[in-house]
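**Q** So that you have it, the file is structure.txt, and it contains compact mmCIF, C-alpha atoms and all ligand atoms:
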```
# COMPACT_ATOMS: atom_id res chain seq x y z
CA MET X 1 -32.57 137.55 168.44
CA VAL X 2 -32.83 136.22 164.88
CA SER X 3 -34.45 138.28 162.09
CA ILE X 4 -35.53 136.65 158.84
CA LYS X 5 -36.41 138.84 155.88
CA ILE X 6 -39.25 137.46 153.80
CA ALA X 7 -39.39 138.53 150.16
CA ALA X 8 -43.18 138.57 149.73
CA GLN X 9 -45.38 140.50 147.32
CA PRO X 10 -46.28 143.37 147.47
CA ARG X 11 -43.63 144.10 150.12
CA LYS X 12 -40.91 142.47 152.18
CA TYR X 13 -41.42 141.91 155.88
CA THR X 14 -39.42 140.54 158.78
CA ILE X 15 -39.98 137.63 161.15
CA GLU X 16 -38.33 138.31 164.50
CA ILE X 17 -37.53 135.28 166.62
CA GLY X 18 -36.54 135.65 170.25
CA ARG X 19 -38.24 138.97 171.03
CA SER X 20 -40.49 138.97 174.11
CA VAL X 21 -44.23 139.50 173.61
CA SER X 22 -43.95 142.21 176.26
CA GLU X 23 -41.91 144.25 173.76
CA CYS X 24 -44.44 143.99 170.97
CA GLY X 25 -45.41 147.70 171.10
CA ARG X 26 -42.05 148.96 169.83
CA TRP X 27 -41.95 146.11 167.30
CA ALA X 28 -45.44 147.01 166.02
CA LYS X 29 -44.40 150.64 165.63
CA LYS X 30 -41.36 149.54 163.63
CA CYS X 31 -43.42 147.27 161.35
CA LEU X 32 -46.36 149.63 160.85
CA GLY X 33 -44.74 153.07 160.87
CA SER X 34 -46.41 156.01 162.56
CA GLU X 35 -49.69 156.02 160.68
CA PRO X 36 -51.92 153.47 162.51
CA LYS X 37 -53.66 154.91 165.53
CA GLN X 38 -55.76 151.92 166.34
CA ILE X 39 -55.13 148.22 166.72
CA VAL X 40 -57.65 145.45 167.14
CA LEU X 41 -56.11 142.55 169.02
CA VAL X 42 -57.65 139.23 167.94
CA SER X 43 -57.19 136.21 170.19
CA ASN X 44 -59.18 133.61 172.13
CA LYS X 45 -60.05 133.55 175.82
CA LYS X 46 -57.38 131.01 176.74
CA VAL X 47 -54.42 132.66 175.00
CA HIS X 48 -55.63 136.15 175.90
CA GLY X 49 -55.87 135.08 179.55
CA LEU X 50 -52.21 134.06 179.43
CA TYR X 51 -50.58 136.80 177.31
CA GLY X 52 -53.26 139.34 176.35
CA ASP X 53 -52.53 141.86 179.11
CA GLU X 54 -48.79 141.93 178.37
CA VAL X 55 -49.47 142.45 174.67
CA SER X 56 -52.17 145.14 175.15
CA THR X 57 -50.08 147.04 177.71
CA SER X 58 -47.08 147.07 175.42
CA LEU X 59 -49.11 148.19 172.39
CA SER X 60 -50.85 150.93 174.43
CA SER X 61 -47.59 152.21 175.84
CA SER X 62 -46.32 152.62 172.26
CA GLY X 63 -49.26 154.94 171.56
CA PHE X 64 -51.79 152.62 169.91
CA ARG X 65 -55.44 152.66 170.92
CA VAL X 66 -56.15 148.96 171.51
CA SER X 67 -59.45 147.13 171.49
CA THR X 68 -59.76 143.37 171.80
CA TRP X 69 -61.96 140.81 170.06
CA LEU X 70 -61.96 137.21 171.29
CA MET X 71 -63.10 134.26 169.21
CA GLY X 72 -64.12 130.79 170.36
CA ASP X 73 -61.31 128.29 170.90
CA GLY X 74 -61.02 125.64 168.21
CA GLU X 75 -61.24 124.77 164.55
CA ARG X 76 -65.05 124.88 164.65
CA PHE X 77 -64.94 128.63 165.22
CA LYS X 78 -62.76 129.29 162.15
CA THR X 79 -65.83 130.07 160.04
CA LEU X 80 -67.47 132.79 157.98
CA PRO X 81 -69.97 133.61 160.78
CA SER X 82 -67.02 134.24 163.17
CA ALA X 83 -65.28 136.32 160.51
CA GLU X 84 -68.47 138.32 160.03
CA LYS X 85 -68.64 139.05 163.77
CA LEU X 86 -65.04 140.23 163.70
CA LEU X 87 -65.71 142.43 160.64
CA ALA X 88 -68.71 143.96 162.46
CA PHE X 89 -66.45 144.66 165.46
CA LEU X 90 -63.85 146.36 163.23
CA SER X 91 -66.55 148.52 161.71
CA ALA X 92 -68.18 149.34 165.08
CA ASN X 93 -64.76 150.49 166.29
CA ASN X 94 -64.38 152.61 163.18
CA LEU X 95 -61.14 150.93 162.15
CA GLN X 96 -59.63 152.79 159.20
CA ARG X 97 -57.71 151.39 156.26
CA THR X 98 -54.50 152.68 157.83
CA ASP X 99 -55.14 150.82 161.12
CA ALA X 100 -54.10 147.25 161.90
CA ILE X 101 -55.04 143.86 163.32
CA VAL X 102 -52.70 141.92 165.62
CA ALA X 103 -53.34 138.16 165.76
CA LEU X 104 -52.29 136.55 169.06
CA GLY X 105 -52.79 132.78 169.06
CA GLY X 106 -52.35 129.55 167.14
CA GLY X 107 -53.13 128.87 163.50
CA VAL X 108 -56.89 129.14 164.05
CA VAL X 109 -56.67 132.72 165.36
CA GLY X 110 -54.00 133.61 162.76
CA ASP X 111 -56.04 132.29 159.81
CA LEU X 112 -59.28 134.00 160.89
CA ALA X 113 -57.68 137.32 161.88
CA GLY X 114 -55.64 137.25 158.67
CA PHE X 115 -58.75 136.65 156.60
CA ALA X 116 -60.56 139.60 158.24
CA ALA X 117 -57.48 141.78 157.64
CA ALA X 118 -57.45 140.72 153.97
CA VAL X 119 -61.08 141.62 153.27
CA TYR X 120 -61.95 144.49 155.66
CA LEU X 121 -61.92 147.67 153.53
CA ARG X 122 -60.20 145.47 150.88
CA GLY X 123 -57.20 144.94 153.08
CA ILE X 124 -55.66 146.41 156.23
CA SER X 125 -52.34 145.75 157.95
CA LEU X 126 -51.80 142.51 159.81
CA LEU X 127 -49.24 141.54 162.45
CA GLN X 128 -48.91 137.96 163.64
CA ILE X 129 -47.83 136.79 167.10
CA PRO X 130 -48.10 132.99 166.76
CA THR X 131 -48.32 131.14 170.08
CA THR X 132 -48.19 127.47 168.99
CA LEU X 133 -45.18 125.71 167.51
CA LEU X 134 -47.24 124.81 164.43
CA ALA X 135 -48.21 128.44 163.84
CA MET X 136 -44.58 129.58 164.37
CA ILE X 137 -43.04 127.28 161.76
CA ASP X 138 -45.95 126.89 159.36
CA ALA X 139 -49.27 128.78 159.62
CA SER X 140 -47.79 132.27 160.10
CA VAL X 141 -45.42 131.86 157.13
CA GLY X 142 -46.64 132.06 153.54
CA GLY X 143 -49.55 134.52 153.55
CA LYS X 144 -52.43 132.03 153.36
CA THR X 145 -55.44 133.11 155.43
CA GLY X 146 -58.92 131.64 155.50
CA VAL X 147 -61.88 129.96 157.12
CA ASN X 148 -63.62 126.60 156.97
CA SER X 149 -67.05 126.27 155.38
CA PRO X 150 -69.76 123.61 155.03
CA PHE X 151 -68.18 122.55 151.71
CA GLY X 152 -64.66 122.03 153.03
CA LYS X 153 -61.75 123.02 155.22
CA ASN X 154 -59.81 126.19 154.34
CA LEU X 155 -61.71 126.58 151.07
CA VAL X 156 -62.61 130.26 151.57
CA GLY X 157 -59.67 132.56 152.00
CA ALA X 158 -57.23 135.07 150.65
CA PHE X 159 -53.51 135.54 150.28
CA HIS X 160 -52.57 138.38 152.62
CA GLN X 161 -49.00 138.82 153.81
CA PRO X 162 -48.46 140.24 157.30
CA LYS X 163 -46.35 143.34 157.94
CA GLY X 164 -44.42 141.43 160.59
CA VAL X 165 -44.31 138.26 162.67
CA LEU X 166 -43.00 138.11 166.25
CA ILE X 167 -42.00 134.76 167.74
CA ASP X 168 -41.41 134.39 171.47
CA VAL X 169 -40.80 130.72 172.29
CA ALA X 170 -41.29 131.44 176.00
CA VAL X 171 -45.07 131.27 175.32
CA LEU X 172 -44.69 127.58 174.38
CA ARG X 173 -44.18 126.77 178.08
CA THR X 174 -47.96 126.85 178.53
CA LEU X 175 -48.76 124.91 175.35
CA PRO X 176 -50.31 121.47 176.07
CA PRO X 177 -47.96 118.54 175.22
CA ARG X 178 -50.25 117.26 172.44
CA GLU X 179 -49.97 120.61 170.68
CA MET X 180 -46.16 120.43 170.91
CA THR X 181 -46.27 116.93 169.39
CA ALA X 182 -48.50 118.24 166.59
CA GLY X 183 -46.09 121.11 165.88
CA PHE X 184 -43.08 118.82 165.86
CA CYS X 185 -44.81 116.47 163.40
CA GLU X 186 -45.10 119.41 160.97
CA ALA X 187 -41.42 120.16 161.65
CA ILE X 188 -40.48 116.55 160.85
CA LYS X 189 -42.53 116.86 157.66
CA GLN X 190 -40.57 119.96 156.67
CA GLY X 191 -37.28 118.23 157.48
CA ALA X 192 -38.22 115.11 155.51
CA ILE X 193 -38.90 117.12 152.34
CA GLY X 194 -36.42 119.94 152.98
CA SER X 195 -32.96 118.46 153.42
CA ARG X 196 -31.05 115.84 155.33
CA GLU X 197 -29.58 118.65 157.45
CA LEU X 198 -32.97 120.11 158.46
CA PHE X 199 -34.28 116.62 159.21
CA ASP X 200 -31.24 115.65 161.32
CA GLU X 201 -31.34 118.92 163.25
CA THR X 202 -35.03 118.42 164.04
CA ALA X 203 -34.39 114.81 165.09
CA ALA X 204 -31.42 115.86 167.25
CA PHE X 205 -33.49 118.53 169.04
CA LEU X 206 -36.13 115.92 169.81
CA SER X 207 -33.49 113.61 171.31
CA ALA X 208 -31.86 116.24 173.49
CA PRO X 209 -31.76 120.01 173.04
CA LEU X 210 -28.23 121.39 173.13
CA GLY X 211 -27.32 123.90 175.85
CA ASP X 212 -30.10 126.40 176.55
CA PRO X 213 -33.26 124.73 175.10
CA GLU X 214 -34.91 128.08 174.24
CA ARG X 215 -31.89 129.23 172.26
CA HIS X 216 -31.70 125.91 170.47
CA LEU X 217 -35.43 126.02 169.68
CA ASN X 218 -35.10 129.59 168.34
CA ALA X 219 -32.37 128.41 165.97
CA LEU X 220 -34.40 125.39 164.84
CA ILE X 221 -37.56 127.47 164.26
CA ALA X 222 -35.49 129.94 162.20
CA LYS X 223 -34.29 127.11 159.94
CA HIS X 224 -37.83 125.83 159.44
CA ILE X 225 -39.12 129.30 158.60
CA GLU X 226 -36.27 129.85 156.14
CA PHE X 227 -37.13 126.56 154.44
CA LYS X 228 -40.87 127.27 154.17
CA ALA X 229 -40.28 130.86 153.05
CA ARG X 230 -37.91 129.67 150.31
CA ILE X 231 -40.48 127.27 148.91
CA VAL X 232 -43.30 129.82 149.13
CA ALA X 233 -41.19 132.55 147.47
CA GLY X 234 -40.90 130.39 144.34
CA ASP X 235 -44.68 129.92 144.06
CA GLU X 236 -46.39 132.49 146.30
CA ARG X 237 -49.95 131.98 145.08
CA GLU X 238 -49.62 128.29 144.29
CA LEU X 239 -50.56 129.10 140.71
CA SER X 240 -47.94 127.21 138.88
CA LYS X 241 -48.37 123.75 137.42
CA ARG X 242 -44.94 122.85 138.77
CA THR X 243 -44.48 119.37 140.10
CA ASP X 244 -40.74 119.52 140.73
CA SER X 245 -39.08 118.83 144.07
CA ARG X 246 -39.13 122.52 145.07
CA SER X 247 -42.71 123.45 144.08
CA ARG X 248 -45.13 124.59 146.82
CA LYS X 249 -47.02 121.31 146.41
CA ILE X 250 -44.28 119.41 148.26
CA LEU X 251 -45.49 121.10 151.47
CA ASN X 252 -48.44 118.71 151.20
CA PHE X 253 -46.16 115.81 152.12
CA GLY X 254 -48.06 113.66 154.64
CA HIS X 255 -51.23 115.68 154.10
CA THR X 256 -53.18 113.40 151.75
CA LEU X 257 -53.61 110.77 154.44
CA ALA X 258 -53.74 113.44 157.19
CA HIS X 259 -56.76 115.17 155.63
CA ALA X 260 -58.45 111.81 155.06
CA LEU X 261 -57.92 110.73 158.69
CA GLU X 262 -59.17 114.08 159.99
CA LYS X 263 -62.26 113.81 157.80
CA ALA X 264 -62.92 110.15 158.69
CA THR X 265 -62.79 111.05 162.41
CA LYS X 266 -64.91 114.22 161.95
CA TYR X 267 -62.01 116.48 162.99
CA LYS X 268 -62.44 115.37 166.62
CA HIS X 269 -59.98 112.56 167.27
CA LEU X 270 -56.66 113.94 166.00
CA ARG X 271 -54.91 117.29 166.13
CA HIS X 272 -54.00 118.27 162.56
CA GLY X 273 -50.27 117.83 163.25
CA GLU X 274 -50.87 114.38 164.75
CA ALA X 275 -52.68 113.37 161.55
CA VAL X 276 -49.64 114.68 159.64
CA GLY X 277 -47.45 112.43 161.83
CA TYR X 278 -49.41 109.43 160.52
CA GLY X 279 -49.37 110.91 157.01
CA ILE X 280 -45.56 111.00 157.04
CA LEU X 281 -45.34 107.34 158.09
CA PHE X 282 -47.88 106.27 155.46
CA ALA X 283 -46.11 108.18 152.68
CA ALA X 284 -42.84 106.53 153.75
CA GLU X 285 -44.41 103.03 153.61
CA LEU X 286 -45.92 103.75 150.19
CA SER X 287 -42.58 105.10 148.93
CA LYS X 288 -40.92 101.90 150.15
CA SER X 289 -43.51 99.72 148.38
CA LEU X 290 -42.75 101.56 145.15
CA ASP X 291 -39.01 100.91 145.65
CA LEU X 292 -38.29 104.60 146.07
CA PHE X 293 -37.33 104.55 149.72
CA GLY X 294 -35.35 102.11 151.91
CA GLU X 295 -36.46 100.18 154.99
CA LYS X 296 -33.83 101.91 157.18
CA ASP X 297 -35.23 105.35 156.32
CA VAL X 298 -38.79 104.14 157.08
CA GLU X 299 -37.54 103.04 160.51
CA LEU X 300 -35.79 106.35 161.04
CA LEU X 301 -38.97 108.31 160.25
CA ASN X 302 -40.95 106.09 162.66
CA ASP X 303 -38.39 106.66 165.36
CA VAL X 304 -38.33 110.45 164.91
CA VAL X 305 -42.14 110.84 164.72
CA HIS X 306 -42.41 108.88 167.97
CA ARG X 307 -39.74 111.05 169.58
CA ALA X 308 -42.17 113.95 169.00
CA GLY X 309 -44.71 112.20 171.26
CA SER X 310 -47.25 109.43 171.11
CA LEU X 311 -50.06 109.63 168.56
CA PRO X 312 -53.68 108.62 169.37
CA ARG X 313 -54.45 105.17 167.91
CA LEU X 314 -56.41 104.87 164.68
CA ALA X 315 -59.15 102.54 165.93
CA ASN X 316 -62.29 102.09 163.78
CA ILE X 317 -60.98 103.76 160.66
CA TYR X 318 -61.40 101.71 157.51
CA GLU X 319 -59.89 101.75 154.04
CA LYS X 320 -63.20 102.65 152.40
CA GLU X 321 -63.63 105.90 154.37
CA VAL X 322 -60.04 106.89 153.74
CA VAL X 323 -60.29 106.25 150.00
CA GLU X 324 -63.54 108.27 149.90
CA ALA X 325 -61.82 111.14 151.66
CA PHE X 326 -58.92 110.91 149.14
CA ARG X 327 -61.55 111.38 146.44
CA SER X 328 -62.98 114.53 147.97
CA ASP X 329 -59.44 115.99 148.23
CA LYS X 330 -59.02 115.14 144.56
CA LYS X 331 -62.20 117.03 143.63
CA HIS X 332 -60.49 120.24 144.66
CA LEU X 333 -57.33 119.41 142.73
CA SER X 334 -58.87 119.36 139.23
CA GLY X 335 -59.47 115.65 139.22
CA SER X 336 -56.02 114.28 139.75
CA LEU X 337 -54.63 113.29 143.13
CA GLN X 338 -50.93 113.92 143.42
CA MET X 339 -49.09 112.22 146.24
CA VAL X 340 -45.87 113.60 147.63
CA LEU X 341 -43.53 110.67 148.25
CA LEU X 342 -39.85 110.36 149.15
CA ARG X 343 -36.90 108.95 147.28
CA GLY X 344 -34.66 109.71 150.25
CA ILE X 345 -34.69 112.04 153.25
CA GLY X 346 -34.89 115.59 151.86
CA LYS X 347 -35.78 114.28 148.40
CA PRO X 348 -39.50 114.63 147.72
CA VAL X 349 -41.09 113.49 144.51
CA ILE X 350 -44.64 114.23 143.29
CA VAL X 351 -46.34 111.14 141.92
CA ASP X 352 -49.67 111.12 140.12
CA GLU X 353 -52.04 108.53 141.63
CA ASN X 354 -52.39 106.90 138.21
CA LYS X 355 -48.74 105.90 138.48
CA ILE X 356 -49.41 104.02 141.73
CA PRO X 357 -50.88 100.54 141.13
CA LYS X 358 -54.27 100.39 142.98
CA PRO X 359 -53.48 97.01 144.63
CA VAL X 360 -50.25 98.47 146.08
CA LEU X 361 -52.06 101.51 147.51
CA LYS X 362 -54.80 99.28 148.94
CA LYS X 363 -52.35 96.86 150.53
CA VAL X 364 -50.19 99.56 152.10
CA LEU X 365 -53.25 101.42 153.41
CA ASN X 366 -54.84 98.31 154.92
CA SER X 367 -51.72 97.15 156.69
CA PHE X 368 -51.06 100.72 157.90
CA LEU X 369 -54.57 101.09 159.39
CA GLN X 370 -54.27 97.67 161.03
CA LYS X 371 -50.84 98.43 162.46
CA TRP X 372 -52.03 101.63 164.16
CA ALA X 373 -55.59 100.51 165.12
N1 LIG W 401 -52.27 129.57 156.87
C1 LIG W 401 -51.48 128.52 156.73
O1 LIG W 401 -50.58 128.48 155.88
C2 LIG W 401 -51.66 127.36 157.63
C3 LIG W 401 -50.68 126.37 157.68
C4 LIG W 401 -50.86 125.32 158.60
C5 LIG W 401 -51.98 125.28 159.41
N2 LIG W 401 -52.93 126.26 159.32
C6 LIG W 401 -54.13 126.25 160.16
O2 LIG W 401 -53.73 126.35 161.52
C7 LIG W 401 -54.73 125.75 162.34
C8 LIG W 401 -54.08 124.89 163.39
O3 LIG W 401 -53.28 125.73 164.19
P1 LIG W 401 -52.74 125.27 165.62
O4 LIG W 401 -52.20 123.90 165.53
O5 LIG W 401 -51.88 126.37 166.08
O6 LIG W 401 -54.07 125.10 166.51
P2 LIG W 401 -54.94 126.13 167.38
O7 LIG W 401 -54.85 127.49 166.87
O8 LIG W 401 -56.28 125.50 167.50
O9 LIG W 401 -54.21 126.08 168.81
C9 LIG W 401 -54.17 124.87 169.52
C10 LIG W 401 -54.66 125.02 170.96
O10 LIG W 401 -53.63 125.61 171.75
C11 LIG W 401 -54.12 126.73 172.46
N3 LIG W 401 -52.98 127.63 172.60
C12 LIG W 401 -52.40 128.39 171.63
N4 LIG W 401 -51.28 128.94 172.09
C13 LIG W 401 -51.15 128.57 173.37
C14 LIG W 401 -50.16 128.81 174.36
N5 LIG W 401 -49.06 129.51 174.11
N6 LIG W 401 -50.36 128.28 175.59
C15 LIG W 401 -51.45 127.50 175.85
N7 LIG W 401 -52.38 127.21 174.93
C16 LIG W 401 -52.23 127.74 173.72
C17 LIG W 401 -55.26 127.23 171.62
O11 LIG W 401 -56.17 127.99 172.39
C18 LIG W 401 -55.86 125.91 171.13
O12 LIG W 401 -56.71 125.36 172.12
C19 LIG W 401 -55.65 124.99 161.41
O13 LIG W 401 -56.86 125.70 161.28
C20 LIG W 401 -54.91 124.95 160.09
O14 LIG W 401 -55.77 124.92 158.98
C21 LIG W 401 -52.78 127.29 158.46
ZN ZN W 402 -50.35 120.87 157.92
```
Just give me the structure of the file as structure tokens.
**A**
Amino acid sequence: MVSIKIAAQPRKYTIEIGRSVSECGRWAKKCLGSEPKQIVLVSNKKVHGLYGDEVSTSLSSSGFRVSTWLMGDGERFKTLPSAEKLLAFLSANNLQRTDAIVALGGGVVGDLAGFAAAVYLRGISLLQIPTTLLAMIDASVGGKTGVNSPFGKNLVGAFHQPKGVLIDVAVLRTLPPREMTAGFCEAIKQGAIGSRELFDETAAFLSAPLGDPERHLNALIAKHIEFKARIVAGDERELSKRTDSRSRKILNFGHTLAHALEKATKYKHLRHGEAVGYGILFAAELSKSLDLFGEKDVELLNDVVHRAGSLPRLANIYEKEVVEAFRSDKKHLSGSLQMVLLRGIGKPVIVDENKIPKPVLKKVLNSFLQKWA
């Protein structure tokens, strides 16, 4: 088992990788202390059907009174009305400030449960058991919680650090292949901005895991979490105006195009991680056009993204819609769109859109959309 200590405010917590979900009761006791009597387990029907009984049994046998609240499956249920239903459930069950929520699921469950934990009675304890690769390496690290709203994705939320995160990669055996591809695209993103070593290790895993695949995956996930936690620790609330190669903004690598593609396809055609896969390739092409990045590295990124799995084609998406979606992203970034580009693998650079000649952006975008249509 690997334990990673996260130095968050207001307190440190630990991410345990390689502990079985069936042992979560003792783990919860360790993270929460003896005070909480009650736990509300938040999940969805699918994930609960697979792992809910194991988790509830283990929590109950460690002395917690457990009640369960299930949300709808999918991004469209990560909303304020769902959060309100969960808050009503917490209140109806008389959950006290010293009690806790356990989130069992992917990033959707984690974000919504985390948001409820942040605001119910102005904040109660949260434990995360992420069950998708994306949630293990990304969504459950960093303390961001939130919901979508009619005016945008993830625009209502709170920073609320968990008291612990438990990662059991055995649960990934039931994860659909597309979700694994999506998670690996986020891993490739983290490698591409993190370091040559993290990138190469991710690429090597995708070619052929070494020895016992679960052990190898545990080690790889640990490295990704360490990377994300390091970046977040330097800028926990994303307050700073930093634009250096280690500011939290670099985590948006591949996300400018990803958000635009998701928006242009009404969040129905692509998994978020798949859109990030395209975002990585677009950012690489743009970096090459600005003479920051070499052709060989563009080819390498293409090769590694496709090792993660095949991405749905981008048929019927046009430059105009994408540029409009760039604009709406910009609205939330005080008027200036900052693109994360690469000047080498593991070497991100933040470039203001005004520094990118419009004809270059237009040309790269058009040929990219044509190539993948
Ligand atoms: N808070 C953050 O910092 C942060 C970071 C990245 C992403 N996110 C958020 O995370 C969300 C995406 O998360 P996601 O990719 O995990 O998607 P998801 O939560 O929708 O899960 C994907 C699908 O897999 C199913 N599933 C989950 N675990 C399973 C398992 N072990 N076996 C079988 N099926 C399983 C789910 O029911 C769902 O249908 C988005 O809402 C995004 O905004 C948050
Ligand atoms: Zn992402």
**Q** Write out as a short mmCIF file (atom, residue, chain, number, x, y, z; two decimals) with C-alpha atoms, keeping the file's coordinate frame the residues lying within 9 Å of Gly279 of chain X, counting only C-alpha atoms and excluding same-chain residues fewer than 6 positions away.
**A**
```cif
data_model
loop_
_atom_site.label_atom_id
_atom_site.label_comp_id
_atom_site.auth_asym_id
_atom_site.auth_seq_id
_atom_site.Cartn_x
_atom_site.Cartn_y
_atom_site.Cartn_z
CA PHE X 253 -46.16 115.81 152.12
CA GLY X 254 -48.06 113.66 154.64
CA HIS X 255 -51.23 115.68 154.10
CA THR X 256 -53.18 113.40 151.75
CA LEU X 257 -53.61 110.77 154.44
CA ALA X 258 -53.74 113.44 157.19
CA HIS X 259 -56.76 115.17 155.63
CA LEU X 261 -57.92 110.73 158.69
#
```
**Q** X:Glu84, X:Glu75, X:Glu197, X:Asp329: which is nearest Asn252 of chain X, counting all atoms listed in the file?
**A**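 Smallest separation from Asn252 of chain X among the options: X:Asp329.
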**Q** Could you work out an axis-aligned box for ligand LIG 401 (chain W), taking every atom the file lists and adding 3 Å on each side, and report centre and edge lengths in Å to one decimal, as JSON?
**A**
```
{"center_x": -53.0, "center_y": 126.7, "center_z": 165.9, "size_x": 13.8, "size_y": 11.7, "size_z": 26.0}
```
**Q** Applying 12 Å and only C-alpha atoms, which residues near His306 of chain X remain after dropping the ones on its own chain fewer than 2 positions away? List them as a list of chain:residue names.
**A**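 Near His306 of chain X, the qualifying residues are X:Thr181, X:Ala182, X:Phe184, X:Cys185, X:Ile188, X:Ala203, X:Leu206, X:Ser207, X:Glu274, X:Gly277, X:Tyr278, X:Ile280, X:Leu281, X:Glu299, X:Leu300, X:Leu301, X:Asn302, X:Asp303, X:Val304, X:Ala308, X:Gly309, X:Ser310, X:Leu311, X:Pro312.
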**Q** What lies within 12 Å of Gly164 of chain X using only C-alpha atoms, ignoring chain neighbours under 3 positions off, as an MDAnalysis selection string?
**A** chainID X and resid 3:8 11:17 24 27:33 100:103 125:130 140:143 160:161 167
**Q** Produce a table with one row for each residue of chain X that has an atom at most 7 Å from any atom of ligand LIG 401 (chain W), each row naming the nearest atom pair and its distance in Å at one decimal; use all atoms listed in the file; arrange rows by chain and rising residue number; format as CSV.
**A**
```
residue,atom,partner,partner_atom,distance
X:Asn44,CA,W:LIG401,O11,6.4
X:Lys46,CA,W:LIG401,O11,5.4
X:Val47,CA,W:LIG401,C13,5.5
X:Asp73,CA,W:LIG401,O11,5.4
X:Gly74,CA,W:LIG401,O8,4.8
X:Glu75,CA,W:LIG401,O13,5.5
X:Lys78,CA,W:LIG401,O13,7.0
X:Gly105,CA,W:LIG401,C12,5.1
X:Gly106,CA,W:LIG401,O7,3.3
X:Gly107,CA,W:LIG401,O3,3.2
X:Val108,CA,W:LIG401,O7,3.9
X:Val109,CA,W:LIG401,O7,5.7
X:Asp111,CA,W:LIG401,N1,5.5
X:Thr131,CA,W:LIG401,N4,4.2
X:Thr132,CA,W:LIG401,N4,4.6
X:Leu133,CA,W:LIG401,O5,6.9
X:Leu134,CA,W:LIG401,O4,5.2
X:Ala135,CA,W:LIG401,O5,4.8
X:Asp138,CA,W:LIG401,C3,5.0
X:Ala139,CA,W:LIG401,C3,3.4
X:Ser140,CA,W:LIG401,N1,6.1
X:Val141,CA,W:LIG401,O1,6.3
X:Gly142,CA,W:LIG401,O1,5.8
X:Gly143,CA,W:LIG401,N1,6.6
X:Lys144,CA,W:LIG401,N1,4.3
X:Thr145,CA,W:LIG401,N1,5.0
X:Asn154,CA,W:LIG401,O14,6.3
X:Val171,CA,W:LIG401,N5,4.5
X:Leu172,CA,W:LIG401,N5,4.8
X:Arg173,CA,W:LIG401,N6,6.8
X:Thr174,CA,W:LIG401,N6,4.1
X:Leu175,CA,W:LIG401,N6,3.7
X:Pro176,CA,W:LIG401,C15,6.1
X:Glu179,CA,W:LIG401,C9,6.1
X:Ala182,CA,W:LIG401,O4,6.8
X:Gly183,CA,W:LIG401,O4,6.7
X:His272,CA,W:LIG401,O4,6.6
X:Gly273,CA,W:LIG401,O4,6.8
```
